[in-house]
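> Pasting query36.txt here (compact mmCIF, C-alpha atoms):
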```
# COMPACT_ATOMS: atom_id res chain seq x y z
CA VAL A 1426 23.01 -15.94 -56.52
CA ALA A 1427 19.53 -14.78 -57.42
CA LYS A 1428 17.54 -12.97 -54.68
CA THR A 1429 14.37 -14.79 -53.73
CA SER A 1430 11.80 -13.98 -51.10
CA LEU A 1431 13.68 -16.13 -48.57
CA THR A 1432 17.26 -14.87 -48.98
CA SER A 1433 16.93 -12.16 -46.33
CA PRO A 1434 14.74 -12.38 -43.23
CA PRO A 1435 11.43 -10.50 -43.34
CA TRP A 1436 12.38 -8.13 -40.48
CA PRO A 1437 14.39 -5.00 -41.33
CA GLU A 1438 18.15 -5.42 -40.91
CA VAL A 1439 19.56 -3.46 -37.93
CA LYS A 1440 23.18 -2.31 -37.93
CA LEU A 1441 24.68 -2.14 -34.46
CA PRO A 1442 26.79 0.96 -33.77
CA ASP A 1443 30.50 0.85 -33.00
CA PRO A 1444 31.11 -0.37 -29.39
CA ALA A 1445 33.67 2.36 -28.59
CA GLU A 1446 31.35 5.05 -29.86
CA GLU A 1447 28.49 3.50 -27.96
CA ALA A 1448 30.52 3.47 -24.73
CA LYS A 1449 31.34 7.15 -25.17
CA TYR A 1450 27.70 7.96 -25.83
CA HIS A 1451 26.65 5.99 -22.73
CA ALA A 1452 29.18 7.83 -20.52
CA GLU A 1453 27.92 11.16 -21.85
CA VAL A 1454 24.30 10.30 -21.12
CA VAL A 1455 25.18 9.08 -17.62
CA GLN A 1456 27.06 12.31 -16.84
CA LYS A 1457 24.15 14.38 -18.08
CA VAL A 1458 21.65 12.49 -15.94
CA ASN A 1459 23.97 12.75 -12.91
CA LYS A 1460 24.20 16.50 -13.34
CA MET A 1461 20.45 16.78 -13.66
CA ILE A 1462 19.92 14.82 -10.45
CA ALA A 1463 22.59 16.82 -8.60
CA THR A 1464 21.08 20.16 -9.57
CA GLY A 1465 17.62 18.85 -8.69
CA GLN A 1466 15.87 19.40 -11.97
CA TYR A 1467 13.39 16.59 -11.60
CA GLY A 1468 9.75 17.19 -10.67
CA ARG A 1469 7.73 14.26 -9.38
CA LEU A 1470 9.41 10.88 -8.98
CA PHE A 1471 7.68 7.56 -9.32
CA ALA A 1472 9.09 4.18 -8.42
CA VAL A 1473 8.24 0.52 -8.90
CA VAL A 1474 8.73 -1.34 -5.64
CA HIS A 1475 8.47 -5.03 -4.83
CA PHE A 1476 6.67 -5.31 -1.49
CA ALA A 1477 4.57 -8.04 0.12
CA SER A 1478 5.01 -10.30 -2.92
CA LYS A 1479 3.51 -7.65 -5.20
CA GLN A 1480 4.92 -4.92 -7.39
CA TRP A 1481 3.51 -1.47 -6.85
CA LYS A 1482 3.96 1.72 -8.86
CA ILE A 1483 4.16 4.44 -6.24
CA THR A 1484 4.64 8.19 -6.08
CA SER A 1485 4.97 10.31 -2.99
CA GLU A 1486 1.89 10.77 -0.78
CA ASP A 1487 -0.12 7.82 -1.91
CA LEU A 1488 -1.79 4.98 -0.01
CA ILE A 1489 -1.07 1.28 -0.24
CA MET A 1490 -2.89 -1.52 1.54
CA MET A 1491 -1.60 -4.99 2.19
CA ASP A 1492 -3.38 -8.08 3.35
CA ASN A 1493 -0.92 -9.06 6.05
CA VAL A 1494 0.53 -7.88 9.33
CA LEU A 1495 3.74 -5.90 9.48
CA GLU A 1496 5.83 -5.96 12.61
CA ALA A 1497 5.88 -2.18 12.86
CA GLU A 1498 3.62 -0.18 15.12
CA CYS A 1499 1.26 2.53 13.86
CA GLY A 1500 3.25 5.62 13.04
CA ASP A 1501 6.59 3.95 12.32
CA ARG A 1502 8.70 5.03 9.38
CA ILE A 1503 9.74 2.21 7.08
CA ARG A 1504 12.42 2.27 4.41
CA MET A 1505 11.61 0.09 1.40
CA GLU A 1506 14.36 -1.76 -0.36
CA LYS A 1507 13.89 -3.82 -3.54
CA VAL A 1508 13.31 -0.90 -5.86
CA LEU A 1509 13.06 -2.05 -9.48
CA LEU A 1510 12.55 1.18 -11.41
CA VAL A 1511 12.71 4.91 -10.71
CA GLY A 1512 11.47 7.53 -13.12
CA ALA A 1513 10.92 11.23 -13.45
CA ASP A 1514 9.67 13.47 -16.19
CA ASP A 1515 12.73 13.31 -18.46
CA PHE A 1516 14.67 10.20 -17.47
CA THR A 1517 14.17 6.74 -15.94
CA LEU A 1518 16.61 4.55 -14.07
CA ILE A 1519 15.97 0.87 -14.71
CA GLY A 1520 17.49 -1.71 -12.40
CA ARG A 1521 18.65 -5.19 -13.35
CA PRO A 1522 16.59 -6.35 -11.52
CA LEU A 1523 17.14 -4.12 -8.46
CA LEU A 1524 18.61 -0.67 -8.06
CA GLY A 1525 21.34 0.05 -5.54
CA LYS A 1526 20.43 1.16 -2.05
CA ASP A 1527 22.76 4.17 -2.28
CA LEU A 1528 20.85 5.38 -5.34
CA VAL A 1529 17.21 5.41 -4.23
CA ARG A 1530 15.48 5.88 -0.90
CA VAL A 1531 11.75 5.17 -0.46
CA GLU A 1532 10.21 5.98 2.90
CA ALA A 1533 6.74 5.06 4.11
CA THR A 1534 4.73 5.32 7.33
CA VAL A 1535 2.33 2.77 8.78
CA ILE A 1536 -0.97 4.59 9.16
CA GLU A 1537 -3.51 2.01 10.09
CA LYS A 1538 -3.78 -1.64 11.08
CA THR A 1539 -7.35 -2.80 10.56
CA GLU A 1540 -9.17 -5.92 9.52
CA SER A 1541 -10.84 -6.53 6.22
CA TRP A 1542 -14.57 -6.75 5.75
CA PRO A 1543 -15.99 -10.14 6.81
CA LYS A 1544 -15.74 -12.47 3.83
CA ILE A 1545 -18.07 -15.44 3.67
CA ASN A 1546 -16.64 -18.82 2.77
CA MET A 1547 -19.44 -21.28 2.16
CA ARG A 1548 -19.48 -24.78 0.72
CA PHE A 1549 -22.68 -26.43 -0.36
CA TRP A 1550 -23.42 -29.71 -2.15
CA ARG A 1551 -26.95 -30.16 -3.31
CA ARG A 1552 -28.96 -33.17 -2.35
CA HIS A 1553 -26.22 -34.23 0.08
CA ASN A 1554 -27.24 -32.22 3.11
CA TYR A 1555 -23.76 -30.63 3.29
CA GLN A 1556 -23.16 -26.99 3.91
CA ARG A 1557 -20.38 -25.24 5.81
CA LYS A 1558 -20.21 -21.52 6.45
CA LYS A 1559 -17.13 -19.71 7.63
CA ILE A 1560 -16.50 -15.98 8.02
CA ILE A 1561 -12.94 -14.92 7.23
CA VAL A 1562 -11.50 -11.64 8.47
CA ASN A 1563 -7.97 -10.75 7.32
CA PRO A 1564 -5.74 -8.28 9.12
CA GLN A 1565 -4.66 -5.42 6.86
CA THR A 1566 -2.08 -2.66 7.04
CA VAL A 1567 -2.28 0.72 5.33
CA LEU A 1568 0.94 2.49 4.41
CA ARG A 1569 1.45 6.00 3.12
CA ILE A 1570 4.53 6.63 0.97
CA ASN A 1571 6.20 9.76 2.30
CA THR A 1572 9.17 10.42 0.03
CA ILE A 1573 11.13 8.98 -2.86
CA GLU A 1574 14.67 10.37 -3.14
CA ILE A 1575 17.50 9.74 -5.58
CA PHE A 1576 21.20 10.51 -5.14
CA PRO A 1577 23.63 11.28 -7.99
CA CYS A 1578 25.95 8.29 -7.77
CA LEU A 1579 25.58 6.63 -11.14
CA SER A 1580 28.55 5.21 -12.99
CA ARG B 1380 3.57 13.36 11.08
CA TYR B 1381 1.30 10.60 12.26
CA VAL B 1382 -2.05 11.31 13.97
CA ARG B 1383 -3.86 8.45 15.64
CA GLN B 1384 -7.44 8.27 14.42
CA LEU B 1385 -8.92 7.07 17.69
CA GLN B 1386 -10.28 9.92 19.78
CA ARG B 1387 -11.60 8.26 22.91
CA LEU B 1388 -12.37 4.84 24.28
CA GLN B 1389 -15.25 4.56 26.70
CA LEU B 1390 -15.40 1.45 28.81
CA LEU B 1391 -18.90 0.97 30.25
CA PHE B 1392 -19.43 -1.93 32.59
CA SER B 1393 -21.31 -2.74 35.75
CA PRO B 1394 -19.48 -3.55 38.97
CA THR B 1395 -21.67 -6.48 39.96
CA ALA B 1396 -22.77 -8.36 36.87
CA ALA B 1397 -21.04 -11.64 36.10
CA ASP B 1398 -20.34 -11.05 32.45
CA SER B 1399 -18.25 -7.94 33.06
CA ARG B 1400 -15.69 -9.82 35.13
CA GLY B 1401 -13.14 -9.54 32.34
CA ALA B 1402 -13.80 -5.80 32.07
CA ARG B 1403 -13.24 -5.38 35.82
CA GLN B 1404 -9.97 -7.33 35.64
CA PHE B 1405 -8.86 -5.27 32.66
CA VAL B 1406 -9.58 -2.07 34.56
CA GLU B 1407 -7.64 -3.31 37.57
CA GLU B 1408 -4.58 -4.57 35.75
CA ALA B 1409 -4.10 -3.49 32.18
CA ALA B 1410 -5.94 -0.20 31.75
CA VAL B 1411 -3.10 1.90 33.12
CA ASP B 1412 -0.53 0.16 30.90
CA PHE B 1413 -2.75 0.65 27.88
CA ALA B 1414 -3.20 4.33 28.64
CA ARG B 1415 0.55 4.77 29.00
CA GLN B 1416 1.32 2.96 25.77
CA HIS B 1417 -1.19 5.04 23.78
CA PRO B 1418 -0.71 8.56 25.14
CA ASP B 1419 -2.92 10.25 22.53
CA VAL B 1420 -6.03 8.17 23.27
CA VAL B 1421 -8.33 9.25 26.10
CA LEU B 1422 -9.68 6.31 28.10
CA TYR B 1423 -12.89 6.84 30.08
CA VAL B 1424 -13.90 4.17 32.55
CA SER B 1425 -17.43 4.57 33.89
CA PRO B 1426 -19.29 1.92 35.87
CA ARG B 1427 -23.01 1.84 35.19
CA THR B 1428 -25.75 -0.70 35.70
CA GLY B 1429 -26.58 -1.09 32.02
CA PRO B 1430 -27.61 -4.19 30.09
CA ALA B 1431 -24.20 -5.40 28.93
CA PRO B 1432 -20.57 -4.26 29.11
CA VAL B 1433 -19.54 -2.36 26.03
CA LEU B 1434 -16.37 -0.76 24.66
CA LEU B 1435 -17.23 2.42 22.72
CA ALA B 1436 -14.62 3.79 20.32
CA GLU B 1437 -14.97 7.25 18.76
CA TYR B 1438 -12.83 8.31 15.84
CA LEU B 1439 -11.77 11.65 14.44
CA ASN B 1440 -14.28 11.52 11.59
CA GLY B 1441 -17.18 10.95 13.96
CA THR B 1442 -17.85 7.22 13.56
CA VAL B 1443 -18.67 5.40 16.75
CA ARG B 1444 -17.99 1.69 17.10
CA GLU B 1445 -19.41 -0.48 19.83
CA GLU B 1446 -17.85 -3.78 20.76
CA LEU B 1447 -19.37 -6.16 23.27
CA ILE B 1448 -16.95 -7.34 25.94
CA ALA B 1449 -19.32 -9.61 27.85
CA SER B 1450 -17.63 -12.80 29.07
CA LYS B 1451 -14.22 -11.98 27.65
CA THR B 1452 -10.93 -12.29 29.46
CA SER B 1453 -8.90 -9.18 30.13
CA GLU B 1454 -6.30 -10.24 27.55
CA GLU B 1455 -8.90 -10.43 24.84
CA ILE B 1456 -10.17 -7.01 25.80
CA LYS B 1457 -6.63 -5.68 25.63
CA GLN B 1458 -6.18 -7.11 22.13
CA LEU B 1459 -9.50 -5.65 21.06
CA ALA B 1460 -8.50 -2.27 22.43
CA THR B 1461 -5.18 -2.30 20.56
CA LYS B 1462 -6.96 -3.32 17.38
CA LEU B 1463 -9.43 -0.46 17.73
CA ALA B 1464 -6.59 1.92 18.47
CA GLY B 1465 -4.91 0.98 15.20
CA GLN B 1466 -8.04 1.41 13.09
CA SER B 1467 -9.37 4.55 11.53
CA GLY B 1468 -13.01 5.51 11.44
CA LEU B 1469 -13.72 4.46 7.87
CA ASP B 1470 -16.45 1.88 7.32
CA ILE B 1471 -15.28 -1.68 6.98
CA ILE B 1472 -16.74 -2.49 3.59
CA ARG B 1473 -15.26 -4.00 0.47
CA ILE B 1474 -12.49 -1.81 -0.90
CA ARG B 1475 -12.19 -2.04 -4.64
CA LYS B 1476 -8.54 -0.99 -5.03
CA PRO B 1477 -5.74 -1.60 -2.56
CA PHE B 1478 -3.99 1.62 -3.63
CA HIS B 1479 -4.93 5.25 -4.04
CA THR B 1480 -2.95 7.98 -5.76
CA ASP B 1481 -3.67 11.60 -6.36
CA ASN B 1482 -1.16 11.82 -9.21
CA PRO B 1483 -1.40 8.57 -11.18
CA SER B 1484 0.81 9.53 -14.11
CA VAL B 1485 4.20 11.24 -13.97
CA GLN B 1486 5.43 11.02 -17.56
CA GLY B 1487 2.03 11.61 -19.12
CA GLN B 1488 -0.68 9.01 -19.44
CA TRP B 1489 -0.31 6.53 -22.28
CA HIS B 1490 -2.75 6.92 -25.15
CA PRO B 1491 -2.63 4.88 -28.37
CA LEU B 1492 -0.75 7.62 -30.24
CA THR B 1493 2.36 7.75 -28.03
CA ASN B 1494 5.52 6.25 -29.50
CA LYS B 1495 4.18 6.35 -33.02
CA PRO B 1496 5.73 8.39 -35.82
CA SER B 1497 3.65 11.39 -36.77
CA ALA B 1498 1.63 11.41 -39.97
CA LEU B 1499 3.80 14.14 -41.52
CA THR B 1500 6.86 11.95 -41.96
CA VAL B 1501 5.20 8.67 -42.93
CA GLN B 1502 5.96 7.48 -46.46
CA GLY B 1503 2.95 5.66 -47.72
CA PRO B 1504 1.43 4.96 -51.09
CA ARG B 1505 -0.83 7.99 -50.72
CA LEU B 1506 0.83 10.35 -48.20
CA GLN B 1507 3.82 12.33 -49.52
CA PRO B 1508 6.46 13.59 -47.05
CA GLN B 1509 6.22 17.35 -46.65
```
Take the structure in this file and express it as structure tokens.


Amino acid sequence: VAKTSLTSPPWPEVKLPDPAEEAKYHAEVVQKVNKMIATGQYGRLFAVVHFASKQWKITSEDLIMMDNVLEAECGDRIRMEKVLLVGADDFTLIGRPLLGKDLVRVEATVIEKTESWPKINMRFWRRHNYQRKKIIVNPQTVLRINTIEIFPCLS
Amino acid sequence: RYVRQLQRLQLLFSPTAADSRGARQFVEEAAVDFARQHPDVVLYVSPRTGPAPVLLAEYLNGTVREELIASKTSEEIKQLATKLAGQSGLDIIRIRKPFHTDNPSVQGQWHPLTNKPSALTVQGPRLQPQ
């Protein structure tokens, strides 16, 4: 059959590798990463955490502020679950969608519980003699991420 | 490793005026409990015949905040005091970003040339592979 411009799709054809070979390669990579974690060859760790209906990219010693009230007092240590992604300089561990709790540990401390700046909520219709003014103050919490740790229990 | 940012709380009220009734009740009932619950905050109670009862809060970075407690019940004053104890001395203005990092990038910041093959190996109509 003659080859026209529509015989093969326009994207380049990708040949998938052999599944047995791929499984061996995967096991090798996993062992390597496990060894690296066990010996402690990683520098700074960053993590993507789902917290207060938002996803944050956090490293150690950084500040996060949320627009709600947590039930912890000032100075309490909090352990964050729902970790989606952990990465270091040479490798990343991606969860589907979450990583196991025995793999990662993210600890944070509640530093401050303040209120936001007074926001003005005003409604005004012209020529109708209608205006309402309301000042909204939200309670806020400030957390500081203390540590992110990983343990070598991949499989 | 947590340091409370509130240094001292000064409660200034007058023993006879009518609007510092809540302050007097707070001092009688809840001041001791508050001082026990927050052991690293110093609470000064000083009666004076000033214009209005005031709760002065001083923080570790030097900012001083005054809150009027005229005609407030002792429970409201207690809530105010706990709120001030949880705050730090930064100004309450609009904060642009709800996060702050000292090290924003771990694997190197992205720039448009990451993940692109280098110009030495590209086979184009003009460039020859070296």

> Residues of range 1464-1576 of chain A that have any atom at most 9 Å from an atom of range 1444-1462 of chain B: could you tabulate them with the shortest-distance atom pair and the distance in Å to one decimal, using only C-alpha atoms, ordered by chain and increasing number, as CSV?


```
residue,atom,partner,partner_atom,distance
A:Lys1538,CA,B:Lys1462,CA,7.3
A:Thr1539,CA,B:Lys1462,CA,6.9
A:Glu1540,CA,B:Lys1462,CA,8.6
```

> Might you pull out every residue within 9 Å of Leu1470 in chain A, with only C-alpha atoms counted and same-chain residues fewer than 4 positions away left off, and present them as a ChimeraX atom specification?

/A:1483-1485,1511-1514,1573-1575 /B:1485

> Tell me as an MDAnalysis selection string which residues belonging to chain B come within 9 Å of chain A, counting all atoms listed in the file.

chainID B and resid 1380:1384 1462:1467 1470:1474 1476:1487

> So how many Å separate CA of Thr1432 in chain A and CA of Pro1496 in chain B, to one decimal?

29.1 Å

> Report the distance between CA of Leu1388 in chain B and CA of Val1433 in chain B in Å, rounded to one decimal place.

10.3 Å

> Distance CA of Glu1408 in chain B-CA of Leu1385 in chain B, one decimal place?

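For CA of Glu1408 in chain B relative to CA of Leu1385 in chain B, the distance reads 21.9 Å.
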
> Report, as JSON, the centre and edge lengths in Å (one decimal) of the axis-aligned box enclosing every listed atom of range 1498-1510 of chain A, padded by 3 Å on each side.


```
{"center_x": 7.8, "center_y": 0.9, "center_z": 1.9, "size_x": 19.1, "size_y": 15.4, "size_z": 32.5}
```

> Restricting the calculation to only C-alpha atoms: of A:Val1529, A:Met1461, A:Cys1578, A:Val1562, which residue gets closest to Asn1493 in chain A?

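Nearest to Asn1493 in chain A: A:Val1562.
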
> So which residues are close to (-14.9, -3.8, 32.8), meaning at most 10 Å away in the file's coordinates with all atoms listed in the file counted, and can you show them as a PyMOL selection string?

chain B and resi 1390-1394+1396+1398-1407+1410+1424-1426+1432-1434+1448-1449+1451-1453+1456

> Would you pick out the contacts of Leu1579 in chain A at 10 Å or less, using all atoms listed in the file, so that residues sharing its chain but fewer than 5 positions from it are not included, and give the list as a PyMOL selection string?

chain A and resi 1455-1456+1458-1459+1462+1518+1525+1527-1528
